Every structure is written in C-alpha cells, then in structure tokens.
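Listing of protein01.txt; format and content: compact mmCIF, C-alpha atoms.
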# COMPACT_ATOMS: atom_id res chain seq x y z
CA MET B 367 3.73 -18.06 -17.47
CA LYS B 368 7.42 -18.84 -17.55
CA PRO B 369 7.80 -21.74 -15.04
CA ASN B 370 11.56 -21.95 -15.44
CA THR B 371 12.13 -18.28 -14.67
CA ILE B 372 9.38 -17.11 -12.31
CA HIS B 373 11.09 -18.71 -9.32
CA GLN B 374 14.48 -17.12 -9.86
CA ASN B 375 16.02 -15.95 -6.63
CA LEU B 376 15.61 -12.33 -5.70
CA LYS B 377 18.99 -10.69 -6.17
CA HIS B 378 20.08 -8.68 -3.19
CA THR B 379 22.22 -5.84 -4.50
CA LEU B 380 23.55 -3.60 -1.79
CA ALA B 381 22.73 -0.06 -2.82
CA THR B 382 25.00 2.78 -1.81
CA ILE B 383 23.45 4.31 1.27
CA CYS B 384 23.37 8.04 1.02
CA THR B 385 21.48 10.98 2.36
CA ILE B 386 20.68 13.89 0.11
CA ALA B 387 19.45 17.16 1.53
CA VAL B 388 16.56 18.65 -0.35
CA PHE B 389 14.44 21.69 0.32
CA ILE B 390 10.72 22.11 0.00
CA ILE B 391 9.55 25.68 -0.46
CA ALA B 392 6.02 26.50 0.67
CA PHE B 393 4.93 30.14 0.77
CA GLY B 394 8.48 31.28 1.28
CA LEU B 395 9.09 28.89 4.20
CA LYS B 396 11.70 26.14 3.90
CA THR B 397 11.54 22.76 5.60
CA SER B 398 14.25 20.17 5.11
CA ALA B 399 13.61 16.61 4.00
CA GLN B 400 15.88 13.63 3.59
CA THR B 401 16.04 10.75 1.18
CA LYS B 402 14.85 7.74 3.16
CA THR B 403 17.12 4.70 3.04
CA PHE B 404 15.54 1.29 3.66
CA VAL B 405 17.83 -1.45 4.96
CA ILE B 406 17.15 -5.16 5.46
CA ASN B 407 16.32 -5.73 9.12
CA ASN B 408 16.36 -9.44 9.93
CA TYR B 409 16.66 -8.87 13.67
CA GLU B 410 13.35 -7.01 14.03
CA ASN B 411 11.50 -8.87 11.29
CA PRO B 412 8.25 -10.02 12.96
CA LEU B 413 7.88 -12.78 10.35
CA LYS B 414 11.48 -14.01 10.49
CA ASN B 415 10.43 -17.40 11.90
CA PHE B 416 7.93 -18.10 9.12
CA SER B 417 8.00 -19.18 5.52
CA ILE B 418 5.33 -20.67 3.30
CA PRO B 419 5.24 -24.50 3.48
CA LEU B 420 6.64 -25.24 0.00
CA ASN B 421 9.55 -22.81 0.50
CA THR B 422 8.89 -21.29 -2.90
CA GLU B 423 8.21 -17.65 -3.70
CA SER B 424 6.03 -15.91 -1.11
CA HIS B 425 3.52 -13.16 -1.90
CA PRO B 426 2.53 -11.33 1.31
CA PHE B 427 -0.19 -8.74 1.85
CA PHE B 428 -0.99 -6.95 5.11
CA VAL B 429 -4.45 -5.99 6.31
CA ASP B 430 -6.28 -5.64 9.63
CA ILE B 431 -8.64 -8.46 8.77
CA ASP B 432 -10.15 -8.86 12.26
CA HIS B 433 -10.47 -5.15 13.06
CA ASP B 434 -8.36 -5.34 16.23
CA GLY B 435 -6.12 -2.44 15.27
CA ASP B 436 -3.03 -4.33 14.07
CA LEU B 437 -1.97 -5.69 10.70
CA ASP B 438 -2.37 -9.38 9.90
CA CYS B 439 -0.62 -11.12 7.02
CA PHE B 440 -1.89 -13.29 4.18
CA SER B 441 0.56 -14.80 1.72
CA GLY B 442 0.16 -16.38 -1.66
CA GLU B 443 2.74 -18.66 -3.27
CA TYR B 444 4.24 -19.94 -6.50
CA THR B 445 3.74 -23.67 -7.07
CA ASN B 446 5.01 -24.29 -10.62
CA GLY B 447 1.83 -25.80 -12.00
CA LYS B 448 0.21 -27.14 -8.85
CA PRO B 449 -2.83 -25.57 -7.10
CA SER B 450 -1.70 -22.45 -5.26
CA LYS B 451 -3.00 -21.56 -1.79
CA ILE B 452 -3.27 -18.59 0.56
CA TYR B 453 -1.65 -18.79 4.02
CA PHE B 454 -2.75 -16.77 7.06
CA TYR B 455 -0.49 -15.30 9.74
CA ARG B 456 -2.63 -13.63 12.40
CA ASN B 457 -1.16 -10.81 14.47
CA ASP B 458 -1.86 -11.61 18.11
CA GLY B 459 0.36 -8.81 19.35
CA THR B 460 -0.38 -5.10 19.55
CA THR B 461 -0.14 -2.05 17.32
CA LYS B 462 3.35 -1.41 18.70
CA ALA B 463 4.62 -4.99 19.22
CA PRO B 464 3.49 -7.37 16.46
CA LEU B 465 3.39 -11.11 17.21
CA PHE B 466 2.40 -13.38 14.34
CA LYS B 467 0.96 -16.86 14.55
CA GLN B 468 0.21 -19.10 11.58
CA VAL B 469 -3.45 -20.07 11.50
CA THR B 470 -4.55 -23.09 9.47
CA GLY B 471 -7.67 -25.02 8.55
CA VAL B 472 -11.10 -23.46 8.94
CA ASN B 473 -9.60 -20.65 11.04
CA ASN B 474 -7.89 -19.41 7.90
CA PRO B 475 -10.71 -17.52 6.15
CA LEU B 476 -9.10 -18.20 2.75
CA ASN B 477 -8.14 -21.84 3.31
CA ARG B 478 -10.29 -22.99 0.36
CA VAL B 479 -8.39 -21.01 -2.26
CA ALA B 480 -6.82 -23.16 -4.97
CA ALA B 481 -5.63 -21.07 -7.92
CA ASN B 482 -3.50 -21.87 -10.96
CA THR B 483 0.25 -21.93 -10.28
CA LEU B 484 0.43 -18.63 -8.41
CA THR B 485 -1.58 -16.54 -5.92
CA LEU B 486 -1.16 -12.78 -5.47
CA PRO B 487 -3.68 -11.56 -2.86
CA TYR B 488 -4.80 -7.95 -2.59
CA PHE B 489 -7.33 -6.77 -0.01
CA VAL B 490 -9.58 -3.76 -0.49
CA ASP B 491 -13.06 -2.79 0.67
CA ILE B 492 -14.38 -2.76 -2.87
CA ASP B 493 -18.05 -2.42 -1.93
CA ALA B 494 -17.69 0.06 0.97
CA ASP B 495 -19.47 -2.18 3.47
CA GLY B 496 -16.82 -1.80 6.17
CA ASP B 497 -14.92 -5.06 5.65
CA TYR B 498 -12.11 -6.12 3.35
CA ASP B 499 -12.72 -8.15 0.21
CA CYS B 500 -9.97 -10.07 -1.57
CA PHE B 501 -8.85 -10.11 -5.19
CA ILE B 502 -6.31 -12.76 -6.18
CA GLY B 503 -4.13 -12.58 -9.26
CA GLU B 504 -3.32 -16.03 -10.56
CA GLY B 505 -0.82 -17.55 -12.96
CA THR B 506 -1.14 -19.01 -16.47
CA THR B 507 -4.64 -17.59 -17.14
CA GLY B 508 -4.00 -13.93 -16.33
CA ALA B 509 -7.26 -13.86 -14.40
CA ILE B 510 -8.21 -12.10 -11.19
CA ILE B 511 -10.37 -14.11 -8.80
CA TYR B 512 -12.75 -12.26 -6.52
CA TYR B 513 -13.55 -13.42 -2.99
CA LYS B 514 -16.27 -11.26 -1.48
CA ASN B 515 -16.31 -10.85 2.30
CA THR B 516 -19.84 -11.72 3.38
CA GLY B 517 -18.94 -11.71 7.06
CA THR B 518 -18.10 -8.70 9.17
CA SER B 519 -15.09 -6.48 9.84
CA THR B 520 -14.21 -8.68 12.86
CA HIS B 521 -15.26 -12.10 11.56
CA PRO B 522 -14.49 -12.36 7.84
CA GLN B 523 -16.11 -14.99 5.63
CA PHE B 524 -14.93 -15.12 2.04
CA HIS B 525 -16.91 -16.56 -0.84
CA LYS B 526 -15.61 -16.96 -4.36
CA GLN B 527 -17.74 -15.05 -6.86
CA SER B 528 -18.74 -16.15 -10.32
CA ALA B 529 -17.62 -14.19 -13.37
CA ALA B 530 -21.00 -12.46 -13.46
CA ASN B 531 -20.40 -11.07 -9.96
CA ASN B 532 -16.68 -10.36 -10.38
CA PRO B 533 -16.20 -6.71 -11.40
CA LEU B 534 -12.75 -7.57 -12.82
CA SER B 535 -13.64 -10.77 -14.66
CA MET B 536 -12.56 -9.16 -17.95
CA VAL B 537 -8.90 -8.78 -16.90
CA LYS B 538 -7.86 -12.19 -18.28
CA PHE B 539 -8.59 -11.01 -21.82
CA SER B 540 -5.92 -8.30 -21.58
CA THR B 541 -3.08 -9.75 -19.49
CA SER B 542 -0.24 -12.09 -20.35
CA GLY B 543 0.21 -15.04 -18.00
CA VAL B 544 0.05 -13.40 -14.58
CA ALA B 545 -2.34 -10.72 -13.33
CA ASN B 546 -0.68 -8.58 -10.65
CA PRO B 547 -3.22 -6.01 -9.32
CA ALA B 548 -3.00 -2.85 -7.21
CA PHE B 549 -5.87 -0.61 -6.13
CA ALA B 550 -6.07 3.11 -5.35
CA ASP B 551 -8.36 6.07 -5.94
CA VAL B 552 -6.29 7.24 -8.88
CA ASP B 553 -8.69 9.90 -10.15
CA GLY B 554 -9.92 11.26 -6.82
CA ASP B 555 -13.59 10.43 -7.30
CA GLY B 556 -13.94 8.47 -4.05
CA ASP B 557 -13.77 4.91 -5.34
CA ASN B 558 -10.97 2.41 -5.98
CA ASP B 559 -9.51 2.08 -9.45
CA CYS B 560 -7.32 -0.86 -10.45
CA LEU B 561 -3.96 -1.12 -12.20
CA VAL B 562 -2.98 -4.61 -13.41
CA VAL B 563 0.48 -5.51 -14.70
CA ASP B 564 1.55 -8.84 -16.14
CA GLU B 565 4.66 -10.95 -16.65
CA ASP B 566 5.63 -9.09 -19.82
CA GLY B 567 5.56 -5.66 -18.18
CA ASN B 568 2.31 -4.62 -19.82
CA GLU B 569 -0.10 -2.43 -17.87
CA ASN B 570 -3.87 -2.39 -17.96
CA TYR B 571 -5.74 0.43 -16.24
CA PHE B 572 -9.29 -0.29 -15.12
CA LYS B 573 -11.05 2.91 -14.14
CA ASN B 574 -13.92 2.57 -11.68
CA THR B 575 -16.81 4.42 -13.29
CA GLY B 576 -19.27 3.15 -10.72
CA THR B 577 -19.34 4.11 -7.06
CA ALA B 578 -17.56 3.10 -3.89
CA LYS B 579 -20.42 0.68 -3.15
CA ASN B 580 -21.12 -0.53 -6.67
CA PRO B 581 -17.89 -0.75 -8.67
CA VAL B 582 -17.97 -0.79 -12.46
CA PHE B 583 -14.54 -1.12 -14.05
CA VAL B 584 -13.82 0.08 -17.57
CA HIS B 585 -10.58 -0.78 -19.39
CA VAL B 586 -8.95 2.50 -20.43
CA THR B 587 -6.68 2.10 -23.45
CA ASN B 588 -6.34 5.62 -24.84
CA SER B 589 -4.52 8.75 -23.69
CA ASP B 590 -6.74 8.89 -20.61
CA ASP B 591 -4.63 6.05 -19.17
CA PRO B 592 -2.17 7.85 -16.83
CA PHE B 593 0.21 4.85 -16.80
CA ARG B 594 0.47 4.39 -20.55
CA SER B 595 3.66 6.41 -21.03
CA LEU B 596 5.53 4.57 -18.27
CA VAL B 597 5.55 1.22 -20.05
CA SER B 598 7.62 2.33 -23.03
CA THR B 599 10.78 2.69 -20.92
CA ASN B 600 11.25 -0.55 -19.00
CA GLY B 601 7.74 -1.90 -18.58
CA LEU B 602 5.83 -1.97 -15.30
CA TYR B 603 6.21 -4.82 -12.83
CA ASN B 604 5.03 -5.45 -9.27
CA VAL B 605 3.24 -2.15 -8.81
CA SER B 606 2.22 -0.59 -5.49
CA PHE B 607 0.57 2.70 -4.60
CA ILE B 608 1.40 5.07 -1.76
CA ASP B 609 1.44 8.82 -1.20
CA TRP B 610 5.20 8.81 -0.72
CA ASP B 611 5.71 12.57 -0.51
CA HIS B 612 2.52 13.32 1.51
CA ASP B 613 1.17 15.81 -0.99
CA GLY B 614 -2.29 14.22 -1.12
CA LEU B 615 -1.64 12.54 -4.48
CA VAL B 616 -1.12 8.81 -4.80
CA ASP B 617 2.33 7.90 -6.18
CA LEU B 618 3.41 4.68 -7.91
CA PHE B 619 6.22 2.18 -7.41
CA SER B 620 7.20 -0.40 -10.01
CA ASN B 621 9.32 -2.83 -8.04
CA THR B 622 11.55 -0.28 -6.26
CA THR B 623 11.36 2.40 -8.97
CA TYR B 624 9.51 5.54 -7.86
CA TYR B 625 7.06 7.42 -10.08
CA LYS B 626 5.89 10.72 -8.61
CA ASN B 627 2.39 12.00 -9.29
CA ILE B 628 2.82 15.63 -10.40
CA GLY B 629 -0.75 15.98 -11.62
CA THR B 630 -3.83 16.85 -9.61
CA LYS B 631 -6.23 14.87 -7.49
CA THR B 632 -8.58 14.32 -10.43
CA SER B 633 -6.01 14.30 -13.24
CA PRO B 634 -2.94 12.22 -12.27
CA HIS B 635 0.35 12.48 -14.13
CA PHE B 636 3.19 10.13 -13.22
CA VAL B 637 6.86 10.83 -13.93
CA ALA B 638 10.12 9.28 -12.78
CA GLY B 639 10.69 10.64 -9.29
CA ASN B 640 14.18 11.93 -8.61
CA ASP B 641 13.59 14.24 -5.64
CA ASN B 642 13.23 12.59 -2.24
CA LYS B 643 13.01 9.13 -3.77
CA PRO B 644 13.63 6.27 -1.33
CA VAL B 645 16.72 4.07 -1.54
CA PHE B 646 16.33 0.34 -0.92
CA GLN B 647 19.05 -2.06 0.13
CA ASN B 648 17.72 -4.59 -2.36
CA GLU B 649 17.08 -2.62 -5.54
CA VAL B 650 15.17 -5.44 -7.25
CA ASN B 651 13.82 -4.98 -10.76
CA ASP B 652 13.40 -8.65 -11.68
CA GLN B 653 10.26 -9.04 -13.78
CA PHE B 654 10.17 -12.78 -13.06
CA ALA B 655 9.74 -12.40 -9.30
CA TYR B 656 6.23 -11.38 -8.28
CA THR B 657 7.05 -9.43 -5.16
CA PRO B 658 5.54 -5.92 -4.96
CA LEU B 659 6.46 -3.60 -2.13
CA ARG B 660 4.01 -3.96 0.75
CA TRP B 661 4.01 -0.74 2.77
CA VAL B 662 3.29 -1.11 6.49
CA ASP B 663 3.73 0.60 9.85
CA MET B 664 4.00 -2.37 12.19
CA HIS B 665 4.82 -0.27 15.27
CA SER B 666 2.41 2.67 14.86
CA ASP B 667 5.26 5.16 15.08
CA GLY B 668 4.71 6.87 11.74
CA ASN B 669 7.80 5.32 10.16
CA LEU B 670 7.10 3.27 7.07
CA GLU B 671 8.46 -0.23 6.70
CA VAL B 672 8.44 -2.51 3.67
CA PHE B 673 7.81 -6.21 3.26
CA ARG B 674 8.49 -8.20 0.10
CA GLY B 675 8.13 -11.82 -0.79
CA ASN B 676 11.23 -13.93 -1.21
CA ALA B 677 12.17 -16.81 -3.51
CA ASP B 678 12.75 -19.19 -0.58
CA GLY B 679 9.30 -18.61 0.93
CA SER B 680 10.45 -16.24 3.65
CA PHE B 681 9.47 -12.59 4.07
CA LEU B 682 11.97 -9.82 3.41
CA TYR B 683 11.63 -6.89 5.83
CA GLN B 684 13.19 -3.45 5.41
CA THR B 685 13.08 -0.51 7.77
CA ILE B 686 14.26 3.06 7.45
CA SER B 687 17.88 3.51 8.44
CA SER B 688 18.14 4.79 12.01
CA LYS B 689 19.74 8.05 10.89
CA ASP B 690 16.72 8.77 8.66
CA GLU B 691 13.91 7.93 11.10
CA ALA B 692 12.99 11.49 12.03
CA VAL B 693 9.94 12.67 10.12
CA ALA B 694 10.30 16.19 8.76
CA GLN B 695 7.89 18.48 10.59
CA SER B 696 6.76 21.97 9.72
CA PRO B 697 7.54 25.01 11.87
CA ALA B 698 5.39 25.03 15.01
CA HIS B 699 4.23 28.63 14.52
CA LEU B 700 2.16 27.60 11.48
CA ALA B 701 -0.17 25.36 13.49
CA THR B 702 -0.30 23.04 16.50
CA VAL B 703 -2.00 19.72 17.23
CA PHE B 704 -2.85 18.86 20.83
CA PRO B 705 -2.88 16.44 22.56
CA ASN B 706 -0.40 14.27 20.71
CA PRO B 707 -0.51 11.33 21.38
CA ALA B 708 -4.27 11.33 22.00
CA ARG B 709 -6.70 8.73 23.29
CA GLU B 710 -9.78 10.56 22.06
CA ALA B 711 -9.77 13.51 19.64
CA PHE B 712 -7.04 15.88 18.48
CA ILE B 713 -7.42 19.66 18.30
CA LEU B 714 -5.76 21.50 15.44
CA THR B 715 -5.09 25.18 16.09
CA VAL B 716 -4.15 27.53 13.26
CA PRO B 717 -3.17 31.02 14.44
CA GLY B 718 -4.03 34.23 12.64
CA THR B 719 -6.68 34.87 10.04
CA ILE B 720 -8.25 31.86 8.36
CA HIS B 721 -8.35 32.62 4.64
CA ALA B 722 -10.66 31.08 2.08
CA GLY B 723 -9.12 27.93 0.65
CA THR B 724 -7.65 26.75 3.97
CA ALA B 725 -8.28 23.07 4.69
CA ILE B 726 -7.16 20.16 6.86
CA ARG B 727 -6.22 16.78 5.44
CA VAL B 728 -5.66 13.56 7.42
CA SER B 729 -4.10 10.43 5.93
CA ASP B 730 -2.66 7.18 7.24
CA VAL B 731 1.00 6.28 6.83
CA GLN B 732 0.26 4.43 3.59
CA GLY B 733 -1.15 7.61 2.09
CA LYS B 734 -4.83 6.71 2.21
CA LEU B 735 -6.85 9.90 2.55
CA LEU B 736 -9.16 9.69 5.57
CA LEU B 737 -10.42 13.25 5.97
CA THR B 738 -10.55 16.50 3.99
CA GLN B 739 -12.33 19.45 5.58
CA SER B 740 -12.39 23.17 4.87
CA LEU B 741 -11.45 25.32 7.86
CA ASN B 742 -13.51 28.34 8.85
CA SER B 743 -12.21 28.82 12.38
CA ASN B 744 -8.86 28.73 14.17
CA SER B 745 -9.67 25.50 16.01
CA PHE B 746 -10.77 22.14 14.61
CA LYS B 747 -11.40 18.88 16.48
CA PHE B 748 -10.81 15.62 14.64
CA GLY B 749 -9.74 12.00 14.97
CA LYS B 750 -12.06 10.54 17.59
CA GLU B 751 -13.07 7.77 15.21
CA LEU B 752 -9.49 6.88 14.20
CA ARG B 753 -8.08 3.52 15.22
CA PRO B 754 -4.85 3.36 17.26
CA GLY B 755 -1.88 4.08 15.06
CA ALA B 756 0.08 6.85 13.35
CA TYR B 757 -1.35 9.44 10.97
CA PHE B 758 -0.31 12.57 9.10
CA VAL B 759 -2.17 15.85 9.48
CA GLN B 760 -1.70 18.59 6.91
CA VAL B 761 -2.95 22.15 6.56
CA LEU B 762 -3.42 23.39 3.01
CA GLN B 763 -3.88 26.84 1.52
CA ASN B 764 -5.26 26.81 -2.02
CA ASP B 765 -4.24 23.13 -2.37
CA LYS B 766 -0.65 23.83 -1.28
CA VAL B 767 0.64 22.06 1.85
CA ILE B 768 1.94 24.57 4.40
CA TYR B 769 2.00 22.38 7.50
CA THR B 770 2.58 18.67 8.17
CA LYS B 771 2.49 16.89 11.51
CA LYS B 772 2.67 13.24 12.49
CA VAL B 773 0.15 12.33 15.20
CA ILE B 774 -0.33 9.17 17.26
CA LYS B 775 -3.73 7.78 18.27
CA GLU B 776 -3.47 5.55 21.35
What does this structure look like when you write it as structure tokens?
Amino acid sequence: MKPNTIHQNLKHTLATICTIAVFIIAFGLKTSAQTKTFVINNYENPLKNFSIPLNTESHPFFVDIDHDGDLDCFSGEYTNGKPSKIYFYRNDGTTKAPLFKQVTGVNNPLNRVAANTLTLPYFVDIDADGDYDCFIGEGTTGAIIYYKNTGTSTHPQFHKQSAANNPLSMVKFSTSGVANPAFADVDGDGDNDCLVVDEDGNENYFKNTGTAKNPVFVHVTNSDDPFRSLVSTNGLYNVSFIDWDHDGLVDLFSNTTYYKNIGTKTSPHFVAGNDNKPVFQNEVNDQFAYTPLRWVDMHSDGNLEVFRGNADGSFLYQTISSKDEAVAQSPAHLATVFPNPAREAFILTVPGTIHAGTAIRVSDVQGKLLLTQSLNSNSFKFGKELRPGAYFVQVLQNDKVIYTKKVIKE
C-alpha cells in the first residue's frame, strides 16, 4: 500500500472527441459501426447528490441486490489506515428512471464490513443459488474477503466466511498491497473465473476448475494464463470485463484501455483493441487510483453508461455522446424480432432455409451471455423469463454473427 499516493486526484484529461467509421463484413454484407465516445454527464448523474462520508476515494459497484429489476449501488472507500466500510445506495426508482437513496444501519446488508484501509466490492453469484455474493478486495494485506449471501435474491443477508470457506483465500499470497478483482467466464465453461490485479500492475489469474455451484480456483502462472502477455507493456490496473463488440467473447479493460478478445469462447486471446474502441472523456491510467470502469444501463435503453469512483468521494458518470447513441443494427431482411418492446416473449423469425450451425444468442448490455440455442426452424420464441431491461439478440452461422438486434423487455 502506498498511503501517500493512493488518494491522488483522478486527472480529468479531455480526450479529443472523434467518430471513426468502420465496417464489419459478415458473409459479404456490410453494417456500419461507430466509435463510441463517452462524455462526463453531471446533469443526468443519478448519484450526483451523493458522496461517501469521508469524502475520500469512492469504489462503486452496481447490482440488482433486491431483485426488483433496477440496479442498486454499493461503494467501498479508501481510509488511509482506518477500518474501511461499504456504503449502500438503494435504487427506489424504476428501470428507466433511477432514484437512489442512501440506506444505513441494519438496512445496509453490508454495514458490518470493516476492512483494512480500502474496500473494493465485487458482486457475483459465485455459487449459482440465484442471489449475489460479495467479494471485497482490501488494502495492505492483498487479501480478498468473501461475504456469502445466505438470504434470498430479494432479501440479502451477508455473512463473512472463514479462510476455509473462502474460495479465494489464497490470493493474498500472490498480490502486492491491494487486491482488485474482476469476475467473468473467461474460458466458456459455464462458471466464473477471477482476474486479480494489484497496486504494482501485476495480474493473477485464478481459473475456476470447479463448477458454477462449487467453485474451485486454481492460480494459473504458465502460458495458459491469457492475461500474462498484457502485463509486460504497462501493467494491468483496475480491470473490468464486458463483451464490448458483442461477438460473444468477453473483452477486457484496464482502466480505460481496451483489450479485444480475438480468441474463441474456450480459448481466449487478448490484444490491444484498435478497431471500434471507445473513447472516454477522462482517459485515466493512474495506477494509484482504484477506480475500475463499472458498466451499467441505468435507463434500460440498450445504451451503455459508465460509473467510476472519484478521489473526492463522489461518483463520476459518463454517457455515450448523443451523436453516437444509435446502436448499429443488421439489415432487416436477415431476421426480425417481434414484438419489440415485449411484455412477455419475443419471437425471432429467420427467413429462408435454416442451415446446420445456425444459432441464436441473447446477452445483456454488459455482455453476460444469457441464452445460446441452436435453431432448427424459422421461428423461435424466447425471453419470457427475462427481467425488464435491454438485451442484444444475435443470429450466428458457424459461430459468425450475421444479425444483431437490440430488444427491450417491459
């Protein structure tokens, strides 16, 4: 831990805002895409009236913790040697109009957290029981604390687990100072793997060799580590996962630097992404500020937004520039989805002959894969079980995306 540097102010460098036309070729058909430009949006920031009590660096994470269809916010903090807490901002609004309220005391399900110097919360359903558990990276020790959710998807109850019951208890033996985790199904085997970076830019990849219900993490240190080659350039800091280009493969961000996954679902390969990479108004690469990108869709319109922590305890909010808001859609003659928006199920219709290797894929706006299904007829019903919000539907032929459509579940 570097207490005299970790709290340095985030430097807001205004990036040149530009739009670059690129072309994606799929089976001889061309669809245009634009580089997305994210700009700071204080006016529409739903957390603009909040900051953590000590007005030191905030560490937000967004999750629908009460299963009401909208995203709530938990935030860690930096305390420079004092016990570090987790703060809860419940979303009492709707999926289209967020309205946050700070909740304290016993109504904050993580009000008993007291970690060393720093708290970096990350929520994931690590045991596939339908509710979100919480892992917290802390400062000075490089450890990850595990709070298991023993409640329900609507009424969470978190209990700190001992080292024997913490599947990532070994992390502290590999990290320097601060453990900064991110989870994703990196190798496409249906469970969550974990990437941990530290204050020195080191990365530690913990592959889940267990199952979605019974995780067993193994520290991968050889060439099987898909992130190993990325560290040699500038190190990895503040990592986050998202399927940025909607190709069904999880991509990586280190601060605001984009690494595209050009591998396969089961064999990832990350390289510096130059095509269709997003531009951020604050291009922050400060390794001493623990503020990963937190990808959200606060208005269920299919347009990604980004939150980051800030050195003064507030929450930095960026939205896609108005000129870039349109989501590139595929030609309508390839397929149709009706109704859209839908209150119940959607019906995907694919004209012509359905060839072997044709499939549908549904993901949320953060890139989490929700459905993959082979198609053997021209019509397919899906989505009845989806919560209200925005999703992406894709049709694939031999693992190549030929159709993409944004759909809204009401």
Among the residues B:Arg456, B:His433, B:Lys526, B:Lys573, the one that comes closest to Val479 of chain B [using all atoms listed in the file]: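 Distance minimum relative to Val479 of chain B lands on B:Lys526.
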B:Gly601, B:Gly459, B:Pro426, B:Pro581 ranked by distance to Ser441 of chain B, top pick (using all atoms listed in the file):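 The shortest atom-to-atom distance to Ser441 of chain B comes from B:Pro426.
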Residue contacts of segment 716-732 of chain B (9 Å, all atoms listed in the file) excluding same-chain residues fewer than 2 positions away, as JSON, numbers by chain: {"B": [607, 608, 609, 610, 612, 614, 661, 662, 663, 666, 668, 669, 670, 699, 700, 701, 702, 714, 734, 735, 736, 737, 738, 739, 740, 741, 742, 743, 744, 745, 746, 749, 755, 756, 757, 758, 759, 760, 761, 762, 763, 764, 765]}
Contacts of segment 677-679 of chain B at 6 Å (only C-alpha atoms; same-chain gap of 5+ positions) as a ChimeraX atom specification: /B:375,417-418,421-424
For segment 620-631 of chain B, list every protein, DNA or RNA residue within 6 Å, evaluated using all atoms listed in the file, and leave out those in the same chain fewer than 3 positions away; present the list as a CSV table (one decimal) with C-alpha atoms, in the frame of the given file.
chain,number,residue,atom,x,y,z
B,554,GLY,CA,-9.9,11.3,-6.8
B,602,LEU,CA,5.8,-2.0,-15.3
B,603,TYR,CA,6.2,-4.8,-12.8
B,604,ASN,CA,5.0,-5.4,-9.3
B,605,VAL,CA,3.2,-2.2,-8.8
B,615,LEU,CA,-1.6,12.5,-4.5
B,617,ASP,CA,2.3,7.9,-6.2
B,634,PRO,CA,-2.9,12.2,-12.3
B,635,HIS,CA,0.4,12.5,-14.1
B,636,PHE,CA,3.2,10.1,-13.2
B,637,VAL,CA,6.9,10.8,-13.9
B,638,ALA,CA,10.1,9.3,-12.8
B,639,GLY,CA,10.7,10.6,-9.3
B,651,ASN,CA,13.8,-5.0,-10.8
B,658,PRO,CA,5.5,-5.9,-5.0
With a distance cut-off of 7 Å and all atoms listed in the file, select the neighbouring residues of segment 402-416 of chain B, excluding the residue or stretch itself and same-chain residues fewer than 6 positions from it, and output the selection as a PyMOL selection string. chain B and resi 383+464-466+644-647+680-681+683-687+690
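The nearest approach to Thr599 of chain B among the residues B:Ala529, B:Gly567, B:Thr770, B:Gly435, with all atoms listed in the file taken into account, belongs to B:Gly567.
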Rank B:Lys747, B:His425, B:Lys451, B:Lys579 by their smallest atom-to-atom distance to Asp497 of chain B, using all atoms listed in the file, and report the top residue only.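 Looking at the shortest contact to Asp497 of chain B, the residue is B:Lys579.
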Between B:Pro449, B:Pro533, B:Gly517, B:Pro522, which one has atoms that come closest to Gly505 of chain B, using all atoms listed in the file? B:Pro449
Closest of B:Ser450, B:Thr483, B:Asn558, B:Thr445 to Phe572 of chain B, counting only C-alpha atoms, is B:Asn558
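Coordinates place atom CA of Val563 of chain B at a distance of 15.6 Å from atom CA of Val584 of chain B.
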Coordinates-based distance that separates atom CA of Lys772 of chain B from atom CA of Leu659 of chain B (Å, one decimal):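 Value for the atom CA of Leu659 of chain B-atom CA of Lys772 of chain B distance: 22.6 Å.
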